[in-house]
Every structure is written in structure tokens, then in C-alpha cells.
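The file my_file.txt comes next; it holds compact mmCIF, C-alpha atoms.
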# COMPACT_ATOMS: atom_id res chain seq x y z
CA MET F 1 -33.05 -85.86 44.32
CA VAL F 2 -33.03 -83.63 41.28
CA SER F 3 -34.17 -80.13 40.44
CA ALA F 4 -34.63 -78.55 37.03
CA ASP F 5 -30.96 -77.63 36.78
CA ARG F 6 -29.02 -80.35 38.61
CA THR F 7 -28.79 -83.52 40.66
CA LEU F 8 -28.53 -82.69 44.36
CA VAL F 9 -28.42 -86.12 45.96
CA ALA F 10 -27.56 -89.51 44.49
CA GLU F 11 -26.60 -91.69 47.42
CA VAL F 12 -27.78 -94.53 49.61
CA SER F 13 -29.92 -93.58 52.60
CA ASP F 14 -31.90 -95.61 55.12
CA MET F 15 -34.74 -93.09 55.37
CA ILE F 16 -36.19 -89.90 53.95
CA ILE F 17 -38.72 -87.48 55.41
CA ALA F 18 -40.50 -85.16 52.98
CA PRO F 19 -43.15 -82.42 53.05
CA GLY F 20 -46.29 -83.87 51.51
CA LYS F 21 -49.42 -81.87 50.74
CA ASN F 22 -51.05 -83.27 53.91
CA GLY F 23 -47.98 -83.03 56.14
CA TYR F 24 -44.55 -84.59 56.52
CA PHE F 25 -44.15 -88.33 55.88
CA GLY F 26 -41.32 -90.83 56.03
CA VAL F 27 -40.12 -93.50 53.63
CA LEU F 28 -38.00 -96.49 54.68
CA ALA F 29 -36.59 -99.34 52.60
CA GLY F 30 -39.36 -101.67 51.43
CA HIS F 31 -42.02 -98.95 51.58
CA GLU F 32 -45.18 -99.54 49.57
CA PRO F 33 -44.74 -98.00 46.08
CA PHE F 34 -46.42 -94.63 45.62
CA LEU F 35 -46.23 -91.23 43.94
CA THR F 36 -47.16 -87.97 45.68
CA SER F 37 -46.83 -84.24 45.28
CA LEU F 38 -44.65 -82.23 47.65
CA LYS F 39 -45.15 -78.77 49.06
CA PRO F 40 -42.39 -76.33 49.96
CA GLY F 41 -40.48 -77.61 52.94
CA ILE F 42 -37.38 -79.41 54.10
CA VAL F 43 -36.43 -82.91 52.93
CA LEU F 44 -34.46 -84.80 55.57
CA PHE F 45 -32.40 -87.91 54.93
CA ASN F 46 -29.51 -89.80 56.45
CA ASP F 47 -26.35 -89.89 54.37
CA ALA F 48 -24.20 -93.03 54.03
CA GLY F 49 -22.45 -92.15 57.30
CA GLY F 50 -25.76 -91.88 59.16
CA HIS F 51 -25.65 -88.08 59.41
CA GLU F 52 -28.87 -86.14 58.91
CA GLN F 53 -28.87 -83.96 55.80
CA LYS F 54 -31.36 -81.22 54.86
CA VAL F 55 -32.49 -79.93 51.49
CA ALA F 56 -34.91 -77.02 51.16
CA ILE F 57 -37.35 -77.59 48.30
CA SER F 58 -40.04 -75.37 46.81
CA GLY F 59 -42.35 -78.25 45.91
CA GLY F 60 -42.30 -81.11 43.45
CA PHE F 61 -42.99 -84.83 43.43
CA LEU F 62 -41.71 -87.94 45.23
CA GLU F 63 -41.92 -91.47 43.90
CA THR F 64 -40.78 -94.71 45.48
CA ASP F 65 -40.90 -98.30 44.28
CA GLY F 66 -39.85 -99.65 47.68
CA SER F 67 -36.16 -99.91 46.83
CA LYS F 68 -35.39 -96.33 45.77
CA VAL F 69 -36.85 -92.86 46.17
CA ILE F 70 -36.88 -90.21 43.46
CA VAL F 71 -37.55 -86.59 44.38
CA LEU F 72 -38.23 -84.25 41.47
CA ALA F 73 -38.04 -80.80 43.07
CA ASP F 74 -39.23 -77.58 41.45
CA ALA F 75 -36.19 -75.91 43.04
CA ALA F 76 -33.88 -77.22 45.76
CA GLU F 77 -30.84 -76.20 47.80
CA ARG F 78 -28.75 -78.05 50.33
CA VAL F 79 -28.67 -76.14 53.61
CA GLU F 80 -24.99 -75.25 53.24
CA GLU F 81 -25.74 -73.62 49.85
CA ILE F 82 -28.41 -71.23 51.13
CA ASP F 83 -27.43 -67.56 51.11
CA VAL F 84 -29.07 -66.44 54.38
CA GLU F 85 -28.76 -62.73 53.62
CA ARG F 86 -30.38 -63.18 50.21
CA ALA F 87 -33.19 -65.25 51.74
CA MET F 88 -33.80 -62.58 54.39
CA LYS F 89 -34.01 -59.88 51.72
CA ALA F 90 -36.45 -62.00 49.69
CA LEU F 91 -38.58 -62.51 52.80
CA GLU F 92 -38.69 -58.75 53.47
CA ARG F 93 -39.57 -57.98 49.82
CA ALA F 94 -42.40 -60.51 49.90
CA LYS F 95 -43.72 -59.12 53.19
CA ALA F 96 -43.64 -55.59 51.75
CA ARG F 97 -45.54 -56.67 48.61
CA LEU F 98 -48.19 -58.38 50.72
CA ALA F 99 -48.52 -55.31 52.96
CA GLU F 100 -49.18 -53.06 49.93
CA LYS F 101 -52.66 -54.50 49.38
CA SER F 102 -52.59 -53.04 45.89
CA GLN F 103 -54.38 -54.50 42.90
CA ASP F 104 -51.00 -54.44 41.14
CA VAL F 105 -49.62 -57.06 43.54
CA ASN F 106 -50.10 -60.66 42.48
CA LEU F 107 -51.18 -62.07 45.84
CA SER F 108 -50.48 -65.73 45.01
CA ARG F 109 -46.96 -64.96 43.69
CA ALA F 110 -46.13 -62.79 46.71
CA THR F 111 -47.43 -65.46 49.09
CA ALA F 112 -45.40 -68.15 47.29
CA SER F 113 -42.27 -65.95 47.47
CA LEU F 114 -42.82 -65.42 51.19
CA GLU F 115 -43.24 -69.17 51.74
CA ARG F 116 -40.09 -70.05 49.75
CA ALA F 117 -37.93 -67.49 51.59
CA ALA F 118 -39.27 -68.52 55.00
CA ASN F 119 -38.64 -72.18 54.14
CA ARG F 120 -35.05 -71.48 53.15
CA LEU F 121 -34.47 -69.65 56.43
CA ARG F 122 -36.12 -72.44 58.46
CA ALA F 123 -33.78 -74.93 56.80
CA THR F 124 -30.79 -72.94 58.07
CA GLY F 125 -32.25 -72.72 61.58
CA ARG F 126 -33.12 -69.01 61.37

Any chance you could give the structure as C-alpha cells?
Amino acid sequence: MVSADRTLVAEVSDMIIAPGKNGYFGVLAGHEPFLTSLKPGIVLFNDAGGHEQKVAISGGFLETDGSKVIVLADAAERVEEIDVERAMKALERAKARLAEKSQDVNLSRATASLERAANRLRATGR
């Protein structure tokens, strides 16, 4: 799993669950090869010790050939890296921009900001 600025995960896992455009889906070893786009959400996978790990992503693509999975995320953070206070402030800023209903507010950008902040908070259990 990589984002524009770094590799987040490079390990063996027996499954991955990702947020597809039409809902969450799972990939196991031997899965039929495919490529799909991802929406903002939480990618779940089991680490080598069998422990569930979470990564918040803001969208991207997932490809599998049946033996490996590649996630190219627009932006991504492991749950333990998320600054909850910063995410809460971003959520409040986005809500305030959307409440303005001004022509100066870019509605799609404000909505995307709201979705990213809410996703980051969901990943932390808030």
C-alpha cells in the first residue's frame, strides 16, 4: 500500500477489505485478477501475526493479480498516525464552510474535506 509520499504497508496478509466505489469488498489469496477505483474509507488487513490493521485512505486504486494486492492511495494514514485533534478541527472547518452557503465556497472541495476528516475520525473509533 503506497501513497504519493511513501510506502505504508509492504507485508504478507491473508486478506484485505477495501472501500470500493460500490461498497466495501474483500480480497483473499487466489482472487480473480482485477483493477478498481477506491473511495475514501478504511482499508482493513491482517498483519503477519493475524492482527487486524486499519489504514484511512482518501481514495485511489486497488489492483490484484491473485497473488498480491497493490493499493495506490491518494493519501493514507495508519490509524496510530492520525492526529485526532487536527482531524476534528478539519471536520469543524468543513462543516462551517458548508453552512456558509456562499458562492465563494467551493461545495465539492468542502464536501470532500468533510468526508476525509470524518473518515479519519471513523478510523480512530471517534

note - CA of Ala94 in chain F and CA of Glu115 in chain F are separated by 8.9 Å

Point-to-point distance from CA of Ile42 in chain F to CA of Asn106 in chain F, Å rounded to tenths =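 Spanning CA of Ile42 in chain F to CA of Asn106 in chain F is a straight-line distance of 25.5 Å.
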
Under the rule that only C-alpha atoms are counted, which of F:Val105, F:Leu62, F:Ala73, F:Leu91 is the nearest residue to Arg6 in chain F?
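Residue with the minimum atom-to-atom distance to Arg6 in chain F: F:Ala73.
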
As JSON, please: the centre and edge lengths in Å, to one decimal, of an axis-aligned box enclosing every listed atom of range 34-52 of chain F with 4 Å added on each side.
{"center_x": -34.8, "center_y": -85.5, "center_z": 51.7, "size_x": 32.7, "size_y": 26.3, "size_z": 23.5}

Here CA of Pro19 in chain F and CA of Arg97 in chain F stand apart by 26.2 Å

The residue from F:Ala96, F:Leu35, F:Ala48, F:Ala117 with the smallest atom-to-atom distance to Ile70 in chain F, counting only C-alpha atoms, is F:Leu35

Counting all atoms listed in the file, closest pick from F:Ala90, F:Leu38, F:Val55, F:Leu98 relative to Glu77 in chain F is F:Val55

Let me make sure I understand: among F:Gly41, F:Glu63, F:Val2, F:Phe34, which one has the smallest atom-to-atom distance to Leu121 in chain F if we use all atoms listed in the file?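 So, comparing all the options, the nearest one is F:Gly41.
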
| query | Which is closer to Leu44 in chain F than all the others in F:Leu72, F:Ala29, F:Ala18, F:Ala87, using all atoms listed in the file? | reply |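 That would be F:Ala18, the residue with the smallest distance to Leu44 in chain F.
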
Open item on the list: Restricting the calculation to only C-alpha atoms: of F:Thr36, F:Asn46, F:Ser3, F:Ser102, which residue gets closest to Ile17 in chain F?
Closed with: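 Closest residue, counting only C-alpha atoms: F:Asn46.
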
Any chance you could model N, CA and C atoms for range 88-100 of chain F and send them as a compact mmCIF listing (two decimals), in the coordinates of the input?
# COMPACT_ATOMS: atom_id res chain seq x y z
N MET F 88 -33.18 -63.58 53.51
CA MET F 88 -33.80 -62.58 54.39
C MET F 88 -34.33 -61.40 53.58
N LYS F 89 -33.57 -60.98 52.58
CA LYS F 89 -34.01 -59.88 51.72
C LYS F 89 -35.26 -60.29 50.93
N ALA F 90 -35.28 -61.52 50.44
CA ALA F 90 -36.45 -62.00 49.69
C ALA F 90 -37.67 -62.05 50.59
N LEU F 91 -37.48 -62.47 51.84
CA LEU F 91 -38.58 -62.51 52.80
C LEU F 91 -39.13 -61.10 53.03
N GLU F 92 -38.25 -60.13 53.23
CA GLU F 92 -38.69 -58.75 53.47
C GLU F 92 -39.41 -58.17 52.24
N ARG F 93 -38.90 -58.46 51.04
CA ARG F 93 -39.57 -57.98 49.82
C ARG F 93 -40.97 -58.56 49.71
N ALA F 94 -41.09 -59.86 49.98
CA ALA F 94 -42.40 -60.51 49.90
C ALA F 94 -43.36 -59.94 50.93
N LYS F 95 -42.88 -59.71 52.14
CA LYS F 95 -43.72 -59.12 53.19
C LYS F 95 -44.19 -57.73 52.77
N ALA F 96 -43.28 -56.95 52.19
CA ALA F 96 -43.64 -55.59 51.75
C ALA F 96 -44.69 -55.64 50.64
N ARG F 97 -44.54 -56.55 49.69
CA ARG F 97 -45.54 -56.67 48.61
C ARG F 97 -46.90 -57.04 49.17
N LEU F 98 -46.92 -57.97 50.13
CA LEU F 98 -48.19 -58.38 50.72
C LEU F 98 -48.82 -57.26 51.54
N ALA F 99 -48.01 -56.42 52.15
CA ALA F 99 -48.52 -55.31 52.96
C ALA F 99 -49.10 -54.19 52.09
N GLU F 100 -48.70 -54.12 50.83
CA GLU F 100 -49.18 -53.06 49.93
C GLU F 100 -50.69 -53.12 49.72
